[in-house]
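Enquirer: Dumping the structure here so I can ask a few things about it.
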Amino acid sequence: MPRLHLHLLSDSTGETLETIAKAALAQFEGADVSRHFWPMVRSLQHLDRIMGEIASHPGLVFYTLANLEIRDRLEERCRALGLPTVAVLESAVEALKAALGQHPHARPGRQHAMDEAYFARVDAIHYTIAHDDGVAWEDWEQADIVLAGVSRSSKTPTSIYLANRGYKVANIPIVVESPPPPALFGLRHPLVVGLTTAPERLVQVRRNRLLSLNQVPETAYVDQERVAKEVQYARRMFADNGWPVIDVTRRSIEETAAAVINFFNERRSAEQAE
């Protein structure tokens, strides 16, 4: 299979475009794709400079460009080169235009406007960073979500991912020798979610972690029997408190976060129905 050059042109940060391209490429296993990322394309002069690179590496062009003049120039130049182009948001915008009866504003980067939601997301990130790994448990009642799990069960990366989605998240390691503070069991506002994983997989993850830190890879921290008891202890705690549980053994961080959000939404819907 020949290599495909995929050019991604955006008039903003390009996060949306990269996400769409990544999701689409995930459907093609083993594809040899070289991605060329061109953000903040907001002038014809900038586009003309990029076109030289596109001509040198012909392929497929994805774009999210609000300015009609720049879009038309891109389409014209690509047609001359015989290159296909895809306006990745076009169908969504057209559907919204028909449903809302409004014409879209051709303003780049509007999804990144510093509105109330933006500052709420920043606040959530600050809170989550300050409440990692059991720190500042006195403020847990302010959280939206509290993640509990044994060491290396992906609590921190999942917390950060959720924070970027606007959720205030605290996380607490479950350690047999050091029970969590009593405050964890009396929380009313936050949703507490338990993260668990297969002991065999956990041993592998912990051993890799020790090796990356140049530490001895054979300690109680990675003892198979001890780790199994540790996971069992955490699972019993989750069950005793009626907390929803997610097995992260074969889940990506994104999939784990999506499951947490589903639990959060279900709880909120149930509360609103009461």
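In the structure tokens, chains take the letters A, B, ... in the order shown, each chain's residues start at 1, and ligands count up from 1 in the order shown.
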Tell me, as an MDAnalysis selection string, which residues lie within 7 Å of stretch 255-270 of chain A, counting only C-alpha atoms; anything in the same chain fewer than 5 positions away does not count.
Expert: chainID A and resid 158 162 191 248
Enquirer: Let's see if you can do this: from backbone DSSP, list all alpha helix (DSSP H) residues in stretch 41-239 of chain A, as a PyMOL selection string.
Expert: chain A and resi 44-56+68-81+90-100+116-130+155-164+199-212+224-239
Enquirer: Enter the distance from atom CA of A:Glu76 to atom CA of A:Ile54, in Å, rounded to one decimal.
Expert: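 Interatomic distance here is 13.3 Å.
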Enquirer: Please list as a PDB file with N, CA, C and O atoms, in the first residue's frame every residue within 12 Å of A:Ala183, counting only C-alpha atoms and excluding residues in the same chain fewer than 5 positions away.
Expert:
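The result, stored in out_33.pdb:
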ATOM      1  N   GLY A 134      -5.191  11.850  46.135  1.00  0.00           N
ATOM      2  CA  GLY A 134      -5.640  11.954  47.521  1.00  0.00           C
ATOM      3  C   GLY A 134      -5.343  13.265  48.206  1.00  0.00           C
ATOM      4  O   GLY A 134      -5.635  13.424  49.406  1.00  0.00           O
ATOM      5  N   ALA A 136      -5.688  17.140  49.413  1.00  0.00           N
ATOM      6  CA  ALA A 136      -6.749  18.110  49.737  1.00  0.00           C
ATOM      7  C   ALA A 136      -8.132  17.461  49.799  1.00  0.00           C
ATOM      8  O   ALA A 136      -9.097  17.964  49.237  1.00  0.00           O
ATOM      9  N   TRP A 137      -8.231  16.345  50.522  1.00  0.00           N
ATOM     10  CA  TRP A 137      -9.499  15.631  50.612  1.00  0.00           C
ATOM     11  C   TRP A 137     -10.585  16.465  51.288  1.00  0.00           C
ATOM     12  O   TRP A 137     -11.783  16.206  51.128  1.00  0.00           O
ATOM     13  N   GLU A 138     -10.173  17.488  52.025  1.00  0.00           N
ATOM     14  CA  GLU A 138     -11.152  18.344  52.696  1.00  0.00           C
ATOM     15  C   GLU A 138     -12.070  19.053  51.706  1.00  0.00           C
ATOM     16  O   GLU A 138     -13.174  19.480  52.073  1.00  0.00           O
ATOM     17  N   ASP A 139     -11.617  19.188  50.446  1.00  0.00           N
ATOM     18  CA  ASP A 139     -12.399  19.901  49.424  1.00  0.00           C
ATOM     19  C   ASP A 139     -13.125  18.966  48.467  1.00  0.00           C
ATOM     20  O   ASP A 139     -13.658  19.410  47.453  1.00  0.00           O
ATOM     21  N   TRP A 140     -13.160  17.696  48.738  1.00  0.00           N
ATOM     22  CA  TRP A 140     -13.756  16.751  47.795  1.00  0.00           C
ATOM     23  C   TRP A 140     -15.239  17.010  47.548  1.00  0.00           C
ATOM     24  O   TRP A 140     -15.751  16.663  46.485  1.00  0.00           O
ATOM     25  N   GLU A 141     -15.920  17.578  48.514  1.00  0.00           N
ATOM     26  CA  GLU A 141     -17.352  17.836  48.329  1.00  0.00           C
ATOM     27  C   GLU A 141     -17.603  18.795  47.170  1.00  0.00           C
ATOM     28  O   GLU A 141     -18.698  18.824  46.603  1.00  0.00           O
ATOM     29  N   VAL A 146     -15.291  11.783  41.899  1.00  0.00           N
ATOM     30  CA  VAL A 146     -14.117  11.297  42.625  1.00  0.00           C
ATOM     31  C   VAL A 146     -13.809   9.896  42.104  1.00  0.00           C
ATOM     32  O   VAL A 146     -14.675   9.010  42.128  1.00  0.00           O
ATOM     33  N   ILE A 172      -8.293   9.256  44.435  1.00  0.00           N
ATOM     34  CA  ILE A 172      -7.703   8.739  45.669  1.00  0.00           C
ATOM     35  C   ILE A 172      -7.181   7.322  45.444  1.00  0.00           C
ATOM     36  O   ILE A 172      -7.905   6.474  44.916  1.00  0.00           O
ATOM     37  N   ARG A 188     -21.635  13.658  49.377  1.00  0.00           N
ATOM     38  CA  ARG A 188     -23.011  13.753  48.892  1.00  0.00           C
ATOM     39  C   ARG A 188     -23.085  14.294  47.460  1.00  0.00           C
ATOM     40  O   ARG A 188     -23.839  13.784  46.634  1.00  0.00           O
ATOM     41  N   PRO A 190     -20.391  14.763  44.989  1.00  0.00           N
ATOM     42  CA  PRO A 190     -19.649  14.091  43.901  1.00  0.00           C
ATOM     43  C   PRO A 190     -20.155  12.673  43.653  1.00  0.00           C
ATOM     44  O   PRO A 190     -20.673  12.009  44.540  1.00  0.00           O
ATOM     45  N   VAL A 192     -18.831   9.093  43.134  1.00  0.00           N
ATOM     46  CA  VAL A 192     -17.619   8.310  43.367  1.00  0.00           C
ATOM     47  C   VAL A 192     -17.644   7.098  42.439  1.00  0.00           C
ATOM     48  O   VAL A 192     -18.634   6.349  42.413  1.00  0.00           O
TER      49      VAL A 192
END
Enquirer: Name all residues at most 8 Å from A:Leu195 (count only C-alpha atoms; drop same-chain ones fewer than 5 positions away) and give them as a ChimeraX atom specification.
Expert: /A:147-150,153-155,245-248
Enquirer: Mind writing the picked residues with all heavy atoms as a compact mmCIF listing (two decimals), in the first residue's frame?
Expert:
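What ended up in selection34.txt:
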# COMPACT_ATOMS: atom_id res chain seq x y z
N LEU A 147 -12.59 9.70 41.63
CA LEU A 147 -12.16 8.39 41.13
C LEU A 147 -11.33 7.69 42.19
O LEU A 147 -10.41 8.29 42.75
CB LEU A 147 -11.33 8.54 39.85
CG LEU A 147 -12.01 9.21 38.65
CD1 LEU A 147 -11.04 9.27 37.47
CD2 LEU A 147 -13.28 8.48 38.27
N ALA A 148 -11.66 6.44 42.47
CA ALA A 148 -10.93 5.65 43.45
C ALA A 148 -10.40 4.40 42.78
O ALA A 148 -11.08 3.79 41.95
CB ALA A 148 -11.84 5.28 44.62
N GLY A 149 -9.19 4.01 43.15
CA GLY A 149 -8.61 2.80 42.56
C GLY A 149 -7.22 2.57 43.08
O GLY A 149 -6.59 3.47 43.64
N VAL A 150 -6.72 1.35 42.89
CA VAL A 150 -5.36 1.03 43.33
C VAL A 150 -4.35 1.78 42.47
O VAL A 150 -4.69 2.35 41.43
CB VAL A 150 -5.12 -0.49 43.25
CG1 VAL A 150 -6.08 -1.23 44.18
CG2 VAL A 150 -5.25 -0.99 41.82
N SER A 153 -4.00 2.45 38.19
CA SER A 153 -5.26 2.07 37.54
C SER A 153 -5.81 3.20 36.69
O SER A 153 -7.00 3.28 36.44
CB SER A 153 -6.30 1.63 38.59
OG SER A 153 -6.53 2.65 39.54
N SER A 154 -4.93 4.09 36.24
CA SER A 154 -5.23 5.19 35.30
C SER A 154 -6.11 6.28 35.88
O SER A 154 -6.82 6.96 35.16
CB SER A 154 -5.84 4.65 33.99
OG SER A 154 -7.18 4.22 34.15
N LYS A 155 -6.03 6.48 37.20
CA LYS A 155 -6.85 7.52 37.85
C LYS A 155 -6.46 8.92 37.38
O LYS A 155 -7.33 9.72 37.02
CB LYS A 155 -6.72 7.44 39.37
CG LYS A 155 -7.20 6.14 39.97
CD LYS A 155 -7.11 6.15 41.49
CE LYS A 155 -5.71 6.37 42.01
NZ LYS A 155 -4.75 5.30 41.60
N VAL A 245 -18.55 0.80 39.15
CA VAL A 245 -17.19 0.32 38.92
C VAL A 245 -16.92 0.19 37.42
O VAL A 245 -17.79 -0.25 36.66
CB VAL A 245 -16.97 -1.05 39.60
CG1 VAL A 245 -15.55 -1.56 39.34
CG2 VAL A 245 -17.22 -0.94 41.10
N ILE A 246 -15.73 0.56 37.01
CA ILE A 246 -15.31 0.43 35.62
C ILE A 246 -14.02 -0.40 35.57
O ILE A 246 -13.05 -0.07 36.26
CB ILE A 246 -15.05 1.81 34.97
CG1 ILE A 246 -16.32 2.65 34.99
CG2 ILE A 246 -14.54 1.65 33.54
CD1 ILE A 246 -16.11 4.08 34.57
N ASP A 247 -14.03 -1.44 34.78
CA ASP A 247 -12.84 -2.26 34.58
C ASP A 247 -12.03 -1.63 33.45
O ASP A 247 -12.47 -1.59 32.30
CB ASP A 247 -13.22 -3.69 34.22
CG ASP A 247 -12.03 -4.64 34.21
OD1 ASP A 247 -10.90 -4.17 33.98
OD2 ASP A 247 -12.24 -5.85 34.43
N VAL A 248 -10.84 -1.13 33.77
CA VAL A 248 -10.03 -0.39 32.80
C VAL A 248 -9.02 -1.29 32.09
O VAL A 248 -8.19 -0.79 31.33
CB VAL A 248 -9.29 0.79 33.48
CG1 VAL A 248 -10.28 1.71 34.18
CG2 VAL A 248 -8.24 0.30 34.46
Enquirer: Write down as a count of residues only the residues of stretch 6-71 of chain A whose backbone DSSP state falls under strand (DSSP E or B).
Expert: 16
Enquirer: Between A:Arg206, A:Arg152, A:Arg121, A:Arg79, which is the closest to A:Ala55 once you count only C-alpha atoms?
Expert: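 The closest residue to A:Ala55 is A:Arg79.
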